[in-house]
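Here's start.pdb, which has PDB, C-alpha atoms:
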ATOM      1  CA  MET E   1     -11.339 105.555 -59.002  1.00  0.00           C
ATOM      2  CA  LYS E   2     -10.836 107.353 -55.693  1.00  0.00           C
ATOM      3  CA  LEU E   3      -7.728 107.830 -53.568  1.00  0.00           C
ATOM      4  CA  LEU E   4      -7.203 108.060 -49.825  1.00  0.00           C
ATOM      5  CA  ILE E   5      -4.975 111.025 -49.011  1.00  0.00           C
ATOM      6  CA  ILE E   6      -3.705 111.971 -45.574  1.00  0.00           C
ATOM      7  CA  ASP E   7      -2.593 115.480 -44.673  1.00  0.00           C
ATOM      8  CA  TYR E   8      -0.307 114.750 -41.734  1.00  0.00           C
ATOM      9  CA  ASP E   9      -0.059 118.425 -40.838  1.00  0.00           C
ATOM     10  CA  LEU E  10      -3.803 118.543 -40.148  1.00  0.00           C
ATOM     11  CA  CYS E  11      -4.008 115.525 -37.814  1.00  0.00           C
ATOM     12  CA  SER E  12      -4.790 116.675 -34.269  1.00  0.00           C
ATOM     13  CA  GLY E  13      -4.436 113.229 -32.714  1.00  0.00           C
ATOM     14  CA  CYS E  14      -8.088 113.164 -31.605  1.00  0.00           C
ATOM     15  CA  ARG E  15      -8.361 109.486 -32.629  1.00  0.00           C
ATOM     16  CA  VAL E  16     -11.971 109.835 -33.784  1.00  0.00           C
ATOM     17  CA  CYS E  17     -10.926 107.840 -36.854  1.00  0.00           C
ATOM     18  CA  GLU E  18      -9.929 104.879 -34.662  1.00  0.00           C
ATOM     19  CA  LEU E  19     -13.220 104.926 -32.785  1.00  0.00           C
ATOM     20  CA  ILE E  20     -15.367 105.220 -35.910  1.00  0.00           C
ATOM     21  CA  CYS E  21     -13.417 102.432 -37.612  1.00  0.00           C
ATOM     22  CA  SER E  22     -13.634 100.054 -34.676  1.00  0.00           C
ATOM     23  CA  MET E  23     -17.380 100.639 -34.370  1.00  0.00           C
ATOM     24  CA  GLU E  24     -17.890 100.139 -38.114  1.00  0.00           C
ATOM     25  CA  HIS E  25     -15.897  96.901 -38.303  1.00  0.00           C
ATOM     26  CA  ALA E  26     -16.147  95.368 -34.820  1.00  0.00           C
ATOM     27  CA  GLY E  27     -19.249  96.977 -33.339  1.00  0.00           C
ATOM     28  CA  VAL E  28     -17.325  98.439 -30.390  1.00  0.00           C
ATOM     29  CA  PHE E  29     -15.453 101.648 -29.604  1.00  0.00           C
ATOM     30  CA  LYS E  30     -12.059  99.981 -29.190  1.00  0.00           C
ATOM     31  CA  PRO E  31      -9.007 101.464 -30.955  1.00  0.00           C
ATOM     32  CA  SER E  32      -7.049  98.214 -30.660  1.00  0.00           C
ATOM     33  CA  VAL E  33      -9.313  96.600 -33.273  1.00  0.00           C
ATOM     34  CA  SER E  34      -9.333  99.605 -35.609  1.00  0.00           C
ATOM     35  CA  ARG E  35      -7.947  99.450 -39.144  1.00  0.00           C
ATOM     36  CA  ILE E  36      -6.387 102.892 -38.659  1.00  0.00           C
ATOM     37  CA  ARG E  37      -4.003 103.755 -35.834  1.00  0.00           C
ATOM     38  CA  VAL E  38      -2.747 107.119 -34.671  1.00  0.00           C
ATOM     39  CA  VAL E  39       0.794 107.082 -33.331  1.00  0.00           C
ATOM     40  CA  LYS E  40       1.476 109.962 -30.970  1.00  0.00           C
ATOM     41  CA  ASN E  41       4.719 111.486 -29.802  1.00  0.00           C
ATOM     42  CA  ASP E  42       3.821 114.084 -27.192  1.00  0.00           C
ATOM     43  CA  LYS E  43       7.425 115.236 -26.720  1.00  0.00           C
ATOM     44  CA  LEU E  44       7.624 116.177 -30.383  1.00  0.00           C
ATOM     45  CA  SER E  45       3.950 117.162 -30.651  1.00  0.00           C
ATOM     46  CA  ILE E  46       3.266 114.927 -33.626  1.00  0.00           C
ATOM     47  CA  ASP E  47       0.329 112.663 -34.391  1.00  0.00           C
ATOM     48  CA  VAL E  48       0.690 110.275 -37.310  1.00  0.00           C
ATOM     49  CA  PRO E  49      -2.325 108.362 -38.638  1.00  0.00           C
ATOM     50  CA  LEU E  50      -1.310 104.992 -40.061  1.00  0.00           C
ATOM     51  CA  VAL E  51      -3.645 103.205 -42.455  1.00  0.00           C
ATOM     52  CA  CYS E  52      -3.448 101.133 -45.613  1.00  0.00           C
ATOM     53  CA  ILE E  53      -3.118 103.611 -48.450  1.00  0.00           C
ATOM     54  CA  GLN E  54      -4.203 101.065 -51.065  1.00  0.00           C
ATOM     55  CA  CYS E  55      -0.902 101.025 -52.984  1.00  0.00           C
ATOM     56  CA  GLU E  56      -0.902 100.787 -56.770  1.00  0.00           C
ATOM     57  CA  SER E  57       1.444  97.811 -56.529  1.00  0.00           C
ATOM     58  CA  PRO E  58       0.894  96.516 -52.988  1.00  0.00           C
ATOM     59  CA  THR E  59       3.792  94.633 -51.418  1.00  0.00           C
ATOM     60  CA  CYS E  60       1.377  92.869 -49.075  1.00  0.00           C
ATOM     61  CA  VAL E  61      -0.543  91.288 -51.961  1.00  0.00           C
ATOM     62  CA  ASN E  62       2.638  90.128 -53.652  1.00  0.00           C
ATOM     63  CA  ILE E  63       4.189  88.645 -50.499  1.00  0.00           C
ATOM     64  CA  CYS E  64       1.171  86.851 -48.994  1.00  0.00           C
ATOM     65  CA  PRO E  65       1.798  83.086 -49.203  1.00  0.00           C
ATOM     66  CA  ALA E  66      -1.892  82.285 -48.628  1.00  0.00           C
ATOM     67  CA  ASN E  67      -3.284  84.673 -51.267  1.00  0.00           C
ATOM     68  CA  ALA E  68      -5.378  86.251 -48.515  1.00  0.00           C
ATOM     69  CA  LEU E  69      -4.800  89.729 -49.936  1.00  0.00           C
ATOM     70  CA  SER E  70      -6.043  90.905 -53.315  1.00  0.00           C
ATOM     71  CA  LYS E  71      -6.481  94.182 -55.142  1.00  0.00           C
ATOM     72  CA  ASP E  72      -9.803  95.015 -56.773  1.00  0.00           C
ATOM     73  CA  LYS E  73      -8.968  96.241 -60.269  1.00  0.00           C
ATOM     74  CA  GLU E  74     -12.057  98.468 -60.507  1.00  0.00           C
ATOM     75  CA  THR E  75     -11.947 100.199 -57.126  1.00  0.00           C
ATOM     76  CA  GLY E  76      -8.249  99.850 -56.263  1.00  0.00           C
ATOM     77  CA  ILE E  77      -9.178  98.566 -52.794  1.00  0.00           C
ATOM     78  CA  VAL E  78      -6.749  96.047 -51.322  1.00  0.00           C
ATOM     79  CA  ARG E  79      -8.845  93.449 -49.520  1.00  0.00           C
ATOM     80  CA  LEU E  80      -7.938  90.915 -46.856  1.00  0.00           C
ATOM     81  CA  ASP E  81      -9.811  87.611 -46.764  1.00  0.00           C
ATOM     82  CA  PRO E  82      -9.657  86.581 -43.083  1.00  0.00           C
ATOM     83  CA  ASP E  83     -10.635  83.007 -43.954  1.00  0.00           C
ATOM     84  CA  LYS E  84      -7.474  82.619 -46.050  1.00  0.00           C
ATOM     85  CA  CYS E  85      -5.107  84.502 -43.722  1.00  0.00           C
ATOM     86  CA  ILE E  86      -2.660  82.188 -41.933  1.00  0.00           C
ATOM     87  CA  GLY E  87      -1.342  84.899 -39.588  1.00  0.00           C
ATOM     88  CA  CYS E  88       2.250  84.754 -40.842  1.00  0.00           C
ATOM     89  CA  ASN E  89       2.652  88.550 -40.417  1.00  0.00           C
ATOM     90  CA  LEU E  90       4.580  89.017 -43.677  1.00  0.00           C
ATOM     91  CA  CYS E  91       2.137  91.732 -44.751  1.00  0.00           C
ATOM     92  CA  ILE E  92       2.682  93.545 -41.441  1.00  0.00           C
ATOM     93  CA  LEU E  93       6.458  93.304 -41.683  1.00  0.00           C
ATOM     94  CA  LYS E  94       6.731  94.349 -45.327  1.00  0.00           C
ATOM     95  CA  CYS E  95       4.246  97.233 -45.513  1.00  0.00           C
ATOM     96  CA  PRO E  96       6.444 100.343 -45.874  1.00  0.00           C
ATOM     97  CA  TYR E  97       3.565 102.548 -44.687  1.00  0.00           C
ATOM     98  CA  HIS E  98       2.744 100.507 -41.556  1.00  0.00           C
ATOM     99  CA  GLY E  99      -0.833 100.009 -42.763  1.00  0.00           C
ATOM    100  CA  VAL E 100      -1.540  96.428 -41.646  1.00  0.00           C
ATOM    101  CA  PHE E 101      -2.234  95.612 -37.991  1.00  0.00           C
ATOM    102  CA  LYS E 102      -2.828  92.801 -35.552  1.00  0.00           C
ATOM    103  CA  THR E 103      -5.619  92.980 -32.971  1.00  0.00           C
ATOM    104  CA  PRO E 104      -5.176  91.831 -29.366  1.00  0.00           C
ATOM    105  CA  ASP E 105      -6.789  88.532 -30.412  1.00  0.00           C
ATOM    106  CA  GLY E 106      -4.069  88.000 -33.035  1.00  0.00           C
ATOM    107  CA  VAL E 107      -6.291  88.786 -36.023  1.00  0.00           C
ATOM    108  CA  VAL E 108      -4.643  90.599 -38.931  1.00  0.00           C
ATOM    109  CA  VAL E 109      -6.673  93.621 -40.101  1.00  0.00           C
ATOM    110  CA  LYS E 110      -6.296  96.367 -42.679  1.00  0.00           C
ATOM    111  CA  CYS E 111      -8.390  99.154 -44.100  1.00  0.00           C
ATOM    112  CA  ASP E 112     -10.903  98.218 -46.789  1.00  0.00           C
ATOM    113  CA  LEU E 113     -12.109 101.815 -47.210  1.00  0.00           C
ATOM    114  CA  CYS E 114     -15.464 100.635 -45.826  1.00  0.00           C
ATOM    115  CA  GLY E 115     -16.218  99.226 -49.274  1.00  0.00           C
ATOM    116  CA  GLY E 116     -15.679 102.613 -50.936  1.00  0.00           C
ATOM    117  CA  ASP E 117     -17.283 104.900 -48.344  1.00  0.00           C
ATOM    118  CA  PRO E 118     -14.653 105.339 -45.603  1.00  0.00           C
ATOM    119  CA  ARG E 119     -16.314 106.408 -42.364  1.00  0.00           C
ATOM    120  CA  CYS E 120     -13.081 107.778 -40.881  1.00  0.00           C
ATOM    121  CA  VAL E 121     -12.969 110.387 -43.650  1.00  0.00           C
ATOM    122  CA  LYS E 122     -16.568 111.450 -42.995  1.00  0.00           C
ATOM    123  CA  TYR E 123     -15.931 111.997 -39.292  1.00  0.00           C
ATOM    124  CA  CYS E 124     -12.393 113.435 -39.343  1.00  0.00           C
ATOM    125  CA  PRO E 125     -12.925 116.849 -37.714  1.00  0.00           C
ATOM    126  CA  THR E 126      -9.814 118.468 -39.213  1.00  0.00           C
ATOM    127  CA  GLY E 127      -9.996 117.133 -42.775  1.00  0.00           C
ATOM    128  CA  ALA E 128      -6.688 115.291 -42.365  1.00  0.00           C
ATOM    129  CA  LEU E 129      -8.266 112.244 -44.033  1.00  0.00           C
ATOM    130  CA  GLN E 130      -9.557 112.778 -47.560  1.00  0.00           C
ATOM    131  CA  TYR E 131     -11.107 110.415 -50.113  1.00  0.00           C
ATOM    132  CA  VAL E 132     -11.003 112.107 -53.489  1.00  0.00           C
ATOM    133  CA  GLU E 133     -11.438 111.346 -57.169  1.00  0.00           C
ATOM    134  CA  GLU E 134      -8.210 110.378 -58.883  1.00  0.00           C
ATOM    135  CA  SER E 135      -6.726 113.137 -61.051  1.00  0.00           C
ATOM    136  CA  PRO E 136      -3.183 114.247 -61.877  1.00  0.00           C
ATOM    137  CA  GLU E 137      -3.418 116.772 -59.021  1.00  0.00           C
ATOM    138  CA  THR E 138      -4.681 114.301 -56.434  1.00  0.00           C
ATOM    139  CA  LYS E 139      -2.143 111.688 -57.520  1.00  0.00           C
ATOM    140  CA  ALA E 140       0.628 114.255 -56.983  1.00  0.00           C
ATOM    141  CA  LYS E 141      -0.862 115.186 -53.587  1.00  0.00           C
ATOM    142  CA  ARG E 142      -0.967 111.509 -52.629  1.00  0.00           C
ATOM    143  CA  GLU E 143       2.679 111.024 -53.600  1.00  0.00           C
ATOM    144  CA  LYS E 144       3.654 113.998 -51.422  1.00  0.00           C
ATOM    145  CA  SER E 145       1.613 112.498 -48.581  1.00  0.00           C
ATOM    146  CA  LYS E 146       3.386 109.137 -48.925  1.00  0.00           C
ATOM    147  CA  GLU E 147       6.786 110.858 -48.945  1.00  0.00           C
ATOM    148  CA  LYS E 148       5.829 112.854 -45.842  1.00  0.00           C
ATOM    149  CA  LEU E 149       4.828 109.670 -43.993  1.00  0.00           C
ATOM    150  CA  LEU E 150       8.078 107.917 -44.845  1.00  0.00           C
ATOM    151  CA  LYS E 151       9.990 111.012 -43.701  1.00  0.00           C
ATOM    152  CA  LEU E 152       8.055 111.140 -40.407  1.00  0.00           C
ATOM    153  CA  LEU E 153       8.662 107.445 -39.761  1.00  0.00           C
ATOM    154  CA  ARG E 154      12.372 107.832 -40.497  1.00  0.00           C
ATOM    155  CA  GLU E 155      13.064 111.188 -38.808  1.00  0.00           C
ATOM    156  CA  TYR E 156      11.183 110.532 -35.602  1.00  0.00           C
ATOM    157  CA  GLU E 157      12.111 106.857 -35.420  1.00  0.00           C
ATOM    158  CA  LEU E 158       8.540 105.909 -34.683  1.00  0.00           C
ATOM    159  CA  GLU E 159       8.202 102.326 -33.543  1.00  0.00           C
ATOM    160  CA  LYS E 160       6.849  99.699 -35.898  1.00  0.00           C
ATOM    161  CA  PRO E 161       3.273 100.165 -34.635  1.00  0.00           C
ATOM    162  CA  ALA E 162       1.858  97.445 -36.851  1.00  0.00           C
ATOM    163  CA  LEU E 163       3.534  94.876 -34.618  1.00  0.00           C
ATOM    164  CA  ARG E 164       2.397  96.411 -31.358  1.00  0.00           C
ATOM    165  CA  ILE E 165      -1.107  96.154 -30.108  1.00  0.00           C
ATOM    166  CA  ALA E 166      -2.513  99.604 -29.391  1.00  0.00           C
ATOM    167  CA  ARG E 167      -3.251  99.983 -25.702  1.00  0.00           C
ATOM    168  CA  VAL E 168      -5.472 102.741 -24.407  1.00  0.00           C
ATOM    169  CA  GLY E 169      -5.364 103.604 -20.738  1.00  0.00           C
ATOM    170  CA  GLY E 170      -2.910 100.767 -20.150  1.00  0.00           C
ATOM    171  CA  SER E 171      -5.626  98.116 -20.085  1.00  0.00           C
ATOM    172  CA  GLY E 172      -5.485  96.756 -23.636  1.00  0.00           C
ATOM    173  CA  ALA E 173      -8.707  98.519 -24.618  1.00  0.00           C
TER
END
Could you express the structure from this file as structure tokens?
Amino acid sequence: MKLLIIDYDLCSGCRVCELICSMEHAGVFKPSVSRIRVVKNDKLSIDVPLVCIQCESPTCVNICPANALSKDKETGIVRLDPDKCIGCNLCILKCPYHGVFKTPDGVVVKCDLCGGDPRCVKYCPTGALQYVEESPETKAKREKSKEKLLKLLREYELEKPALRIARVGGSGA
């Protein structure tokens, strides 16, 4: 099995990941429909990519009243079935990593790792996004990454971006 690991210190805030993701899943370059979002704080010079990290025991799967979320036992990918989703937002509210989003059209979306070949990782120019084979070392690295994200969210009081709709250029792009 493979793991998605994010090195928050390497993220430059270029948002290539958002563009690649939106093109892959929606056929348009439109960050507001991306399954990964980069939250920026220019005053503090931080850029924080937010994406589903495919938890071992995902809160979103356990809380979904419509059973729209499931975890593939072989790949570890947490999948969202849009036909079952009732739009209750419980997954958005309860994800501690802010990895589930709502598009401007009100559609709930989350990363599916592009079926096991995440495009954002391939195109990340700094290597901040990594998709690596699971090992004791990579599991430890992933745990450190999760701790770093929680610390960033807490210390910098970043807004709950999963509830906001990303707006680029002020026009809802």
Quiz item: Quick one: which residues end up in the PyMOL selection byres ((chain E and resi 90-99) around 10) for this structure, as a PyMOL selection string?
Solution: chain E and resi 35-37+49-55+58-65+69+87-89+100-102+108-111+146-147+149-150+153+159-163
Practice problem: Return as a ChimeraX atom specification the set of residues that the PyMOL selection byres ((chain E and resi 18) around 8) yields on the displayed structure. | Solution: /E:15-17,19-22,30-31,34-38,120
Save the residues we just selected, C-alpha atoms, as an mmCIF file, in the coordinates of the input?
data_model
loop_
_atom_site.group_PDB
_atom_site.id
_atom_site.type_symbol
_atom_site.label_atom_id
_atom_site.label_comp_id
_atom_site.auth_asym_id
_atom_site.auth_seq_id
_atom_site.Cartn_x
_atom_site.Cartn_y
_atom_site.Cartn_z
ATOM 1 C CA ARG E 15 -8.361 109.486 -32.629
ATOM 2 C CA VAL E 16 -11.971 109.835 -33.784
ATOM 3 C CA CYS E 17 -10.926 107.840 -36.854
ATOM 4 C CA LEU E 19 -13.220 104.926 -32.785
ATOM 5 C CA ILE E 20 -15.367 105.220 -35.910
ATOM 6 C CA CYS E 21 -13.417 102.432 -37.612
ATOM 7 C CA SER E 22 -13.634 100.054 -34.676
ATOM 8 C CA LYS E 30 -12.059 99.981 -29.190
ATOM 9 C CA PRO E 31 -9.007 101.464 -30.955
ATOM 10 C CA SER E 34 -9.333 99.605 -35.609
ATOM 11 C CA ARG E 35 -7.947 99.450 -39.144
ATOM 12 C CA ILE E 36 -6.387 102.892 -38.659
ATOM 13 C CA ARG E 37 -4.003 103.755 -35.834
ATOM 14 C CA VAL E 38 -2.747 107.119 -34.671
ATOM 15 C CA CYS E 120 -13.081 107.778 -40.881
#
Quiz item: Using the chain letters and numbers from the file, which residues does the PyMOL selection byres ((chain E and resi 72-74) around 12) grab, as a PyMOL selection string?
Solution: chain E and resi 1-2+54-58+61+69-71+75-80+112-113+115-116
Quiz prompt | Non-local contacts of Ser12 (chain E) (12 Å; all atoms listed in the file; under 6 positions in same chain excluded) as a VMD selection string | solution = chain E and resid 38 to 42 45 to 49 124 to 129
Residue selection dump (C-alpha atoms) as an mmCIF file, in the coordinates of the input:
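Result written to out_12.cif:
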data_model
loop_
_atom_site.group_PDB
_atom_site.id
_atom_site.type_symbol
_atom_site.label_atom_id
_atom_site.label_comp_id
_atom_site.auth_asym_id
_atom_site.auth_seq_id
_atom_site.Cartn_x
_atom_site.Cartn_y
_atom_site.Cartn_z
ATOM 1 C CA VAL E 38 -2.747 107.119 -34.671
ATOM 2 C CA VAL E 39 0.794 107.082 -33.331
ATOM 3 C CA LYS E 40 1.476 109.962 -30.970
ATOM 4 C CA ASN E 41 4.719 111.486 -29.802
ATOM 5 C CA ASP E 42 3.821 114.084 -27.192
ATOM 6 C CA SER E 45 3.950 117.162 -30.651
ATOM 7 C CA ILE E 46 3.266 114.927 -33.626
ATOM 8 C CA ASP E 47 0.329 112.663 -34.391
ATOM 9 C CA VAL E 48 0.690 110.275 -37.310
ATOM 10 C CA PRO E 49 -2.325 108.362 -38.638
ATOM 11 C CA CYS E 124 -12.393 113.435 -39.343
ATOM 12 C CA PRO E 125 -12.925 116.849 -37.714
ATOM 13 C CA THR E 126 -9.814 118.468 -39.213
ATOM 14 C CA GLY E 127 -9.996 117.133 -42.775
ATOM 15 C CA ALA E 128 -6.688 115.291 -42.365
ATOM 16 C CA LEU E 129 -8.266 112.244 -44.033
#
Quiz item: Suppose you want the space between CA of Asp9 (chain E) and CA of Arg119 (chain E); what is it in Å?
Solution: 20.3 Å
Quiz item: CA of Asp7 (chain E) and CA of Pro136 (chain E), how far apart in Å?
Solution: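 One can read the CA of Pro136 (chain E) to CA of Asp7 (chain E) distance as 17.3 Å.
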Exercise. Could you check which of E:Lys139, E:Lys84, E:Lys122, E:Lys148 is closest to Asn67 (chain E), using all atoms listed in the file?
Key: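 Of all the options, E:Lys84 lies closest to Asn67 (chain E).
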Exercise. Between E:Cys85, E:Glu24, E:Tyr156, E:Ser145, single out the one closest to Leu10 (chain E), counting all atoms listed in the file.
Key: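 Closest to Leu10 (chain E), using all atoms listed in the file: E:Ser145.
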